[in-house]
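Some notes on the structure that comes next.
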Amino acid sequence: GTDDHSSDLFWESRINMIHFVLLVSRQGKVRLTKWYSPYTQKERSKVIRELSGVILNRGPKLCNFIEWRGYKVVYKRYASLYFCMCIDEADNELEVLEIIHHYVEILDRYFGSVCELDLIFNFHKAYYILDELLIAGELQESSKKTVARIISAQDQLVEAAKEEASSISNIIAQATK
Amino acid sequence: MTGMRGLSVFISDIRNCQNKEAERLRVDKELGNIRTCFKNEKVLTPYKKKKYVWKMLYIHMLGYDVDFGHMEAVSLISAPKYPEKQVGYIVTSCLLNENHDFLKLAINTVRNDIIGRNETFQCLALTLVGNIGGRDFAESLAPDVQKLLISSSCRPLVRKKAALCLLRLFRKNPDAINVDGWADRMTQLLDERDLGVLTSSTSLLVALVSNNHEAYSSCLPKCVKILERLARNQDVPQEYTYYGIPSPWLQVKAMRALQYFPTIEDPSTRKSLFEVLQRILMGTDVVKNVNKNNASHAVLFEALSLVIHLDAEKEMMSQCVALLGKFISVREPNIRYLGLENMTRMLMVTDVQDVIKKHQSQIITSLKDPDISIRRRALDLLYGMCDVSNAKDIVEELLQYLSTAEFSMREELSLKAAILAEKFAPDLSWYVDVILQLIDKAGDFVSDDIWFRVVQFVTNNEDLQPYAASKAREYLDKIAIHETMVKVSAYILGEYGHLLARQPGCSASELFSILHEKLPTVSTPTIPILLSTYAKLLMHTQPRDPELEKKVWAVFKKYESCIDVEIQQRAVEYFELSKKGAAFMDVLAEMPKFPERQSSLIKKAEVVEDTADQSAIKLRAQQQPSNALVLADPQPVSGAPPPLKIPSEPQSVARTISQPNGTSSNIDPQAPSPDLLSDLLGPLAIEAPPGVVSTEQHGPTGTEGVPDEVDGSAIVPVGEQTNNVEVIGNIAERFHALCLKDSGVLYEDPYIQIGIKAEWRGHHGRLVLFLGNKSTNPLTSVQALILPPAHLKLELSPVPDTIPPRAQVQSPLEVMNIRPSRDVAVLDFSYKLGTIVVGAKLRIPAVLNKFLQPLQLTSEEFFPQWRALSGPPLKLQEVVRGVRPLALPEMANLFNSFRVTICPGLDPNPNNLVASTTFYSETTGAMLCLARIETDPADRTQLRMTVGSGDPTLTFELKEFIKEQLIAIPMGSRALVPAAAAPPPPVAQPPSPAALADDPGAMLAGLL
């Protein structure tokens, strides 16, 4: 890697937490990013660039952890997508690896056999679901059923608002006929 | 995506873009559109606003700067309806970070949502604060969030978010939680039955106890209760068991919290906990299901940490070591990695070191693992477990590994080997062997400290001297040796070479010849060491050897007029002294012993001194109090120079040229051609293996108007496929950086890294190109061609046609500067990935300033020369406008960075700078150059520059060169081409049938 950029990355003091989540495709396309520690836009691009370089080049059958800038990145590849989470050195790697899998299972249940295209065109859903799973870089809910319930309640709220809006416009349309 | 057609269309458009440029144009168009719409508030419906901020987030995710519209995203937070509010919250928390000013504007709205009655709004607000809330939020919101967390009327849905939101606020400002009132509440929270709330609350507890465990001591037994509840699977709803394991995450959290309490005093609590731990240690089996395995081992490793922390009974400890011993030999890489990591932690425990040592050979095997993560863990563990009994074996393994280790590990590896050799050397000759091997194998990574240290030991230990001298002599027979080896062997042979006099090939004149052969290959700082050695050889030759004298004197004569003061002085003085007989002997007598002091290496590595007692070196040090003299300080390391901006070169040179695939009609039989399809449509988690998925399920969003990679193999004519390889980093920036330093990366993509290391001496340069194949496939048809400008003579050693997987080849490049010029040499480089040709034209940093040697003149030296240069063409003056405004000290730094040395205080006018340097080329020889810069404090964008030298071309070229450095590059033009910041274009895939077969997605599908 390059050593030119090492000095100006800003890191929060050492806290055991997930610092960021990154979904990147085998082609290096970013599909989702979520930052729980404060990074500027420039730092975000730098992190993505560096990490995708390292991770996309790792061969199969290696472990799911890389040591990176004094942190650890836990990653797992699902078909064409790499799911990555950055944690502190002292954190429990396997626990985070299973948070990744937990997330994938929830996505899979929601979309019904999820694939990369689902996440491209419904990237907002991936964000909603992640927010029900993690807050402050910590796991908030480990029940898939509960997360599914909450997400479907949200979807219903959005639908209801839409119906309301269209019925109002119907009424207006009727009245102004 | 229901109801947001515009967004889907935009995403499709982006995916249809054939290249980066098209994508940028599409993005710019969209940003322009959004900007216009945002300006026209009146027609901006909430729906449209919602759509636009989603687009902004998408563009942001693609890596483009979105520097407007934040206000609109934030304003959606206060929308009355849920759909808009939801979007406002999510997009704001993705686009902004806690330091963003706009966030302050939202605090009131957010607070109203938190204290309001609407549960869904509460959830949105708590999530935002939990994810990006900063200090301001901590100060104004903590009490409200605490209320929600402990409220009996709030549903778990809200409370678990409140717990993590409070955790964030506490991290931002620990005063946000008042310990006195909160400790009891926290204890009660741990009685929670809802496992979602309990998991979040336990995370909060971990943060609180890490800060102040005493205040929360009443939580300790509660944590043990939680563990018991989970271990016995009592009252754990099915939905909270994960692959049959009762919430592994909660188990891990509870054990983590316990590790912040120094000890557990209450006997019954301790007993209960140890029962649970015992059950975990003994009851965790390796099973076939990956996820179950991971989850149970996540719990197991946390239990191990807790056992180590609690310093449990010896019996339990040896159980742990036995488990770890098992783990480090399993095939599963994750478990092996964690086994090594935890064994290193285990070293802290007394009495287990001997048990760990039994696994040494297994650990050494991991040092050769294909996975760098595992090798790093093995290295750390070996380093930690090394002592006098095993130092020889371990250090030898490290030395062996050094030859194959990647660059990024070599420095650490050499330092560790050197420290271990010193700390635990069973005998001193072994220590000398190790350090010399280290220099031989990894000279570039051996700091001066290391060779200074070996010289100290040899000097201070007489019985070591003949051995060291003969070893040094042996290394000189090698064809190519590292410059550090030249230094250390010259030093040792100068001092102790005479002890070998009777051995073949070791007479003074033979030593001189073999050392002198190396002189043309070394850099300036090594020459004085060689000169001293020559003088010492002469001094030791009794009776005198007129033949040798003649040769040595010729060398001294040659360097008498050397531009380097150190060399010149030594040459002159040794020449005179060597004619003085007895006085010569006195001055050049053997170096006295060095005072014993702590090794700077060991200080550097901050190693705890505890087990080094038996080291031969330390024992020796205690026996031999010594006196006198301090070793010369190492060469000053120049500070990091400020970035040097060079006007942009023609695109063709400055950028990579990725060649289109000329032969793409022959589809590479090895290339996984159906991959793109299976990539995008293949299930991520479950059910079918990739590539065998019906597209029907993906209905309108998947197939509607998306003629991109998905079905590209059918629609796009084959010839149009581009095979760009993503370049890592910015080539121009890398080149500019290398213009100011002598080693670094010149080019990198996912398959190859080209590093460069250069040494400059006079008008000669020796560069080494390091071509490293990063991939697991060979790179074939590797070609490297130098396109030299007229003023440089360049000779590149042939590059092998194939670079094997994960191998590195080195290719030296000799440079000779014939005359002054600013032209740049170019390396035309290409290789093949399957059938795809990847190529780049790279500028070589053999630029004008590399042939400068810093030189600082006094006013007595400067002014006569300055006046002697009367005017054009030897002395040129120019008023330069459009200069990048720099304060005077910054400008001085800039000059120094390209080796034109500022001579402070010479010019009476404080706004002026004068500078000097020496330029080397074959035609000009060493030529003094002088420069004077007169700045205008009222207008820093202009200055007057005068440059002079004894050669008209040199004067002109140097003046132009300096001008280039001074003239500003408009910042805007850089921002327009953030090639490196944008997400990479599609990457050509290396043929990897093996990777396909091992696709974890496929494996996973099988397991589920």
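Identifiers in the structure tokens: chain A, B, ... in order shown; residue index from 1 per chain; ligand index from 1 in order shown.
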Shell around range 477-492 of chain B at 9 Å using only C-alpha atoms, local window under 5 positions removed, as a PyMOL selection string: chain B and resi 436+439-444+446+448+451-452+454-455+458-459+465+468-469+471-472+497+514-515+518-519+521-523+526-527+529-530+532-534
Output file for the selection above: N, CA, C and O atoms, as a compact mmCIF listing (two decimals), in the first residue's frame:
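New file result-v8.txt:
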```txt
# COMPACT_ATOMS: atom_id res chain seq x y z
N LEU B 436 24.70 -9.89 10.85
CA LEU B 436 25.25 -9.84 9.49
C LEU B 436 24.29 -10.47 8.49
O LEU B 436 24.07 -9.94 7.40
N ILE B 439 21.56 -7.98 7.78
CA ILE B 439 21.98 -6.93 6.85
C ILE B 439 22.05 -7.49 5.43
O ILE B 439 21.63 -6.86 4.47
N ASP B 440 22.51 -8.71 5.33
CA ASP B 440 22.66 -9.33 4.03
C ASP B 440 21.30 -9.55 3.37
O ASP B 440 21.12 -9.27 2.19
N LYS B 441 20.35 -10.03 4.16
CA LYS B 441 19.06 -10.39 3.57
C LYS B 441 18.11 -9.21 3.43
O LYS B 441 17.24 -9.23 2.56
N ALA B 442 18.22 -8.28 4.33
CA ALA B 442 17.23 -7.20 4.31
C ALA B 442 17.88 -5.87 4.64
O ALA B 442 17.39 -5.11 5.47
N GLY B 443 18.99 -5.59 3.98
CA GLY B 443 19.75 -4.39 4.28
C GLY B 443 18.90 -3.13 4.28
O GLY B 443 19.09 -2.24 5.12
N ASP B 444 17.94 -3.07 3.36
CA ASP B 444 17.12 -1.87 3.27
C ASP B 444 16.29 -1.64 4.52
O ASP B 444 15.80 -0.55 4.76
N VAL B 446 17.25 -2.58 7.61
CA VAL B 446 18.06 -2.58 8.82
C VAL B 446 18.46 -1.14 9.11
O VAL B 446 19.17 -0.51 8.32
N ASP B 448 20.21 2.14 10.96
CA ASP B 448 21.59 2.38 11.40
C ASP B 448 21.81 1.88 12.82
O ASP B 448 22.88 1.36 13.14
N TRP B 451 23.28 -1.66 12.95
CA TRP B 451 24.71 -1.93 12.69
C TRP B 451 25.63 -1.20 13.65
O TRP B 451 26.71 -1.67 14.00
N PHE B 452 25.20 -0.04 14.15
CA PHE B 452 25.99 0.63 15.19
C PHE B 452 26.15 -0.31 16.39
O PHE B 452 27.20 -0.40 17.01
N VAL B 454 26.06 -3.60 16.57
CA VAL B 454 26.95 -4.74 16.39
C VAL B 454 28.41 -4.27 16.45
O VAL B 454 29.27 -4.93 17.04
N VAL B 455 28.66 -3.08 15.92
CA VAL B 455 30.02 -2.54 16.01
C VAL B 455 30.40 -2.31 17.47
O VAL B 455 31.51 -2.63 17.90
N VAL B 458 31.32 -5.68 19.07
CA VAL B 458 32.60 -6.21 18.61
C VAL B 458 33.74 -5.41 19.23
O VAL B 458 34.73 -5.96 19.69
N THR B 459 33.58 -4.10 19.29
CA THR B 459 34.62 -3.26 19.86
C THR B 459 34.83 -3.58 21.34
O THR B 459 35.95 -3.60 21.83
N GLN B 465 36.50 -10.23 18.20
CA GLN B 465 36.99 -9.43 17.07
C GLN B 465 37.51 -10.26 15.89
O GLN B 465 37.14 -9.97 14.75
N ALA B 468 34.47 -11.74 14.11
CA ALA B 468 33.69 -10.74 13.36
C ALA B 468 34.43 -10.35 12.09
O ALA B 468 33.84 -10.22 11.01
N ALA B 469 35.75 -10.18 12.21
CA ALA B 469 36.52 -9.76 11.04
C ALA B 469 36.47 -10.83 9.95
O ALA B 469 36.27 -10.51 8.77
N LYS B 471 34.16 -13.05 9.46
CA LYS B 471 32.80 -13.06 8.91
C LYS B 471 32.61 -11.92 7.91
O LYS B 471 32.06 -12.09 6.82
N ALA B 472 33.07 -10.75 8.33
CA ALA B 472 32.92 -9.57 7.47
C ALA B 472 33.64 -9.81 6.15
O ALA B 472 33.14 -9.48 5.07
N GLY B 497 40.98 -6.10 10.89
CA GLY B 497 41.41 -6.87 9.73
C GLY B 497 42.80 -7.45 9.93
O GLY B 497 43.10 -8.57 9.48
N ILE B 514 39.59 -5.56 -2.20
CA ILE B 514 38.21 -6.05 -2.24
C ILE B 514 37.25 -4.96 -1.73
O ILE B 514 36.12 -4.81 -2.24
N LEU B 515 37.71 -4.17 -0.76
CA LEU B 515 36.85 -3.08 -0.29
C LEU B 515 36.73 -1.98 -1.34
O LEU B 515 35.66 -1.41 -1.56
N LYS B 518 34.17 -1.99 -3.94
CA LYS B 518 32.80 -1.62 -3.60
C LYS B 518 32.59 -0.11 -3.69
O LYS B 518 31.46 0.34 -3.75
N LEU B 519 33.68 0.64 -3.65
CA LEU B 519 33.53 2.09 -3.56
C LEU B 519 32.65 2.69 -4.66
O LEU B 519 31.79 3.53 -4.37
N THR B 521 30.14 1.66 -5.91
CA THR B 521 28.72 1.32 -5.79
C THR B 521 28.05 2.02 -4.60
O THR B 521 26.85 1.89 -4.41
N VAL B 522 28.84 2.70 -3.78
CA VAL B 522 28.24 3.22 -2.54
C VAL B 522 27.89 4.70 -2.65
O VAL B 522 28.34 5.40 -3.57
N SER B 523 27.10 5.16 -1.71
CA SER B 523 26.68 6.56 -1.71
C SER B 523 27.65 7.39 -0.86
O SER B 523 28.49 6.87 -0.13
N THR B 526 28.97 6.72 2.81
CA THR B 526 29.80 5.53 3.07
C THR B 526 31.26 5.76 2.71
O THR B 526 32.15 5.12 3.26
N ILE B 527 31.51 6.70 1.81
CA ILE B 527 32.90 6.92 1.36
C ILE B 527 33.83 7.29 2.52
O ILE B 527 34.93 6.73 2.62
N ILE B 529 33.76 6.34 5.52
CA ILE B 529 34.05 5.13 6.29
C ILE B 529 35.13 4.32 5.57
O ILE B 529 36.08 3.83 6.19
N LEU B 530 34.99 4.22 4.25
CA LEU B 530 35.99 3.49 3.47
C LEU B 530 37.36 4.16 3.58
O LEU B 530 38.38 3.50 3.76
N SER B 532 38.56 5.93 6.01
CA SER B 532 39.14 5.63 7.32
C SER B 532 39.70 4.22 7.34
O SER B 532 40.77 3.97 7.90
N THR B 533 38.96 3.30 6.73
CA THR B 533 39.43 1.92 6.70
C THR B 533 40.76 1.82 5.93
O THR B 533 41.68 1.15 6.38
N TYR B 534 40.84 2.50 4.81
CA TYR B 534 42.09 2.47 4.04
C TYR B 534 43.26 2.98 4.91
O TYR B 534 44.34 2.40 4.94
```
Near-Trp54 in chain B list (8 Å; only C-alpha atoms; drop same-chain fewer than 3 positions) as a VMD selection string: (chain A and resid 124) or (chain B and resid 7 50 to 51 57 to 58 87 91)
With all heavy atoms retained, write the just-selected residues as a CSV table (one decimal), in the first residue's frame.
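File produced: again_4.csv:
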```csv
chain,number,residue,atom,x,y,z
A,124,HIS,N,-31.9,2.1,-0.2
A,124,HIS,CA,-32.4,2.7,1.0
A,124,HIS,C,-32.9,1.7,2.0
A,124,HIS,O,-32.8,1.9,3.2
A,124,HIS,CB,-33.5,3.7,0.7
A,124,HIS,CG,-34.7,3.1,-0.1
A,124,HIS,ND1,-34.5,2.2,-1.1
A,124,HIS,CD2,-36.0,3.3,0.1
A,124,HIS,CE1,-35.7,1.9,-1.6
A,124,HIS,NE2,-36.6,2.5,-0.9
B,7,LEU,N,-35.7,7.8,-9.2
B,7,LEU,CA,-34.5,7.3,-8.6
B,7,LEU,C,-34.0,6.0,-9.3
B,7,LEU,O,-32.8,5.9,-9.6
B,7,LEU,CB,-34.8,7.1,-7.1
B,7,LEU,CG,-33.6,6.6,-6.3
B,7,LEU,CD1,-32.4,7.5,-6.4
B,7,LEU,CD2,-34.1,6.4,-4.8
B,50,LYS,N,-37.8,14.4,-1.2
B,50,LYS,CA,-37.4,13.1,-0.7
B,50,LYS,C,-36.6,12.4,-1.8
B,50,LYS,O,-35.5,11.8,-1.5
B,50,LYS,CB,-38.7,12.3,-0.4
B,50,LYS,CG,-38.5,11.0,0.3
B,50,LYS,CD,-39.9,10.4,0.7
B,50,LYS,CE,-40.3,9.4,-0.3
B,50,LYS,NZ,-41.6,8.7,0.1
B,51,LYS,N,-37.1,12.4,-3.0
B,51,LYS,CA,-36.5,11.7,-4.1
B,51,LYS,C,-35.0,12.3,-4.3
B,51,LYS,O,-34.1,11.6,-4.5
B,51,LYS,CB,-37.3,11.9,-5.4
B,51,LYS,CG,-36.8,11.1,-6.6
B,51,LYS,CD,-37.7,11.3,-7.7
B,51,LYS,CE,-37.6,12.6,-8.4
B,51,LYS,NZ,-38.6,12.8,-9.5
B,57,LEU,N,-27.7,10.9,-1.7
B,57,LEU,CA,-27.1,9.9,-0.9
B,57,LEU,C,-26.4,8.9,-1.8
B,57,LEU,O,-25.3,8.4,-1.6
B,57,LEU,CB,-28.1,9.2,0.0
B,57,LEU,CG,-27.5,8.0,0.9
B,57,LEU,CD1,-26.3,8.5,1.7
B,57,LEU,CD2,-28.5,7.4,1.8
B,58,TYR,N,-27.1,8.5,-2.9
B,58,TYR,CA,-26.6,7.6,-3.9
B,58,TYR,C,-25.3,8.1,-4.5
B,58,TYR,O,-24.3,7.4,-4.6
B,58,TYR,CB,-27.6,7.2,-4.9
B,58,TYR,CG,-27.3,6.0,-5.7
B,58,TYR,CD1,-27.5,4.7,-5.2
B,58,TYR,CD2,-26.6,6.1,-7.0
B,58,TYR,CE1,-27.1,3.6,-5.9
B,58,TYR,CE2,-26.3,5.0,-7.7
B,58,TYR,CZ,-26.5,3.7,-7.2
B,58,TYR,OH,-26.1,2.6,-7.8
B,87,VAL,N,-36.9,9.7,5.6
B,87,VAL,CA,-35.8,9.9,4.7
B,87,VAL,C,-34.9,11.0,5.2
B,87,VAL,O,-33.6,10.9,5.1
B,87,VAL,CB,-36.4,10.3,3.3
B,87,VAL,CG1,-35.3,10.7,2.4
B,87,VAL,CG2,-37.2,9.2,2.8
B,91,VAL,N,-30.9,10.0,5.6
B,91,VAL,CA,-30.0,10.7,4.7
B,91,VAL,C,-29.1,11.6,5.5
B,91,VAL,O,-27.8,11.6,5.3
B,91,VAL,CB,-30.7,11.4,3.6
B,91,VAL,CG1,-29.6,12.1,2.7
B,91,VAL,CG2,-31.4,10.4,2.7
```
Gap from CA of Asn291 in chain B to CA of His101 in chain A - Å, one decimal: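 Interatomic distance, CA of Asn291 in chain B to CA of His101 in chain A: 7.9 Å.
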Top pick for closest residue to chain A, considering B:Val286, B:Val209, B:Ala183, B:Leu250 and counting only C-alpha atoms: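 Among the listed residues, the smallest separation from chain A belongs to B:Leu250.
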Neighbours of chain B in chain A at 7 Å, counting only C-alpha atoms, as an MDAnalysis selection string: chainID A and resid 2 27:30 32:34 36 38:39 45 53 57 60 62:67 77:80 92 94:95 98 104:105 108 113:117 121:122 135:136 139:145 158
Coordinates-based distance that separates CA of Ile120 in chain A from CA of Ala125 in chain B (Å, one decimal): 26.0 Å
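Nearest to Asp586 in chain B of all the residues B:Gln856, B:Met539, B:Asp266, B:Phe556 is B:Met539, counting only C-alpha atoms.
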9 Å contact set for range 426-435 of chain B, only C-alpha atoms, chain neighbours under 5 positions out, as an MDAnalysis selection string: chainID B and resid 388:389 391:392 395:396 399 417:418 421 440 450:451 454 457:458 461 464 467:468 471 614:617
Atomic separation - CA of Leu323 in chain B relative to CA of Asp285 in chain B, Å: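 Here the two named atoms are 10.9 Å from each other.
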Every residue of range 174-284 of chain B that DSSP places in strand (DSSP E or B), as a count of residues only: 4
Taking 6 positions as the minimum chain separation for residues in the same chain, which residues sit within 9 Å of Val147 in chain A when counting only C-alpha atoms? Answer as a CSV table (one decimal) with N, CA, C and O atoms, in the first residue's frame.
```
chain,number,residue,atom,x,y,z
A,106,ILE,N,-31.1,-11.3,7.5
A,106,ILE,CA,-32.3,-10.4,7.6
A,106,ILE,C,-32.6,-9.8,6.2
A,106,ILE,O,-33.8,-9.8,5.7
A,129,ILE,N,-32.7,-1.2,7.2
A,129,ILE,CA,-32.6,-2.5,8.0
A,129,ILE,C,-31.3,-2.4,8.9
A,129,ILE,O,-31.4,-2.9,10.0
A,132,GLU,N,-31.9,-0.8,12.1
A,132,GLU,CA,-32.6,-1.6,13.1
A,132,GLU,C,-31.7,-2.7,13.7
A,132,GLU,O,-32.1,-3.3,14.7
A,133,LEU,N,-30.6,-2.8,13.2
A,133,LEU,CA,-29.6,-3.9,13.6
A,133,LEU,C,-28.5,-3.2,14.5
A,133,LEU,O,-28.2,-3.8,15.5
A,141,GLU,N,-30.3,-5.4,18.1
A,141,GLU,CA,-31.4,-6.4,18.1
A,141,GLU,C,-30.8,-7.7,17.5
A,141,GLU,O,-30.3,-7.7,16.4
```
All residues 8 Å or closer to Leu857 in chain B, only C-alpha atoms, same chain fewer than 5 positions away omitted, as a ChimeraX atom specification: /B:862,903,916
Helix (DSSP H, G or I) per DSSP on the backbone: members of range 40-112 of chain A, as JSON, numbers by chain: {"A": [41, 42, 43, 44, 45, 46, 47, 48, 49, 50, 51, 52, 53, 54, 55, 56, 93, 94, 95, 96, 97, 98, 99, 100, 101, 102, 103, 104, 105, 106, 107, 108, 109, 110, 111]}
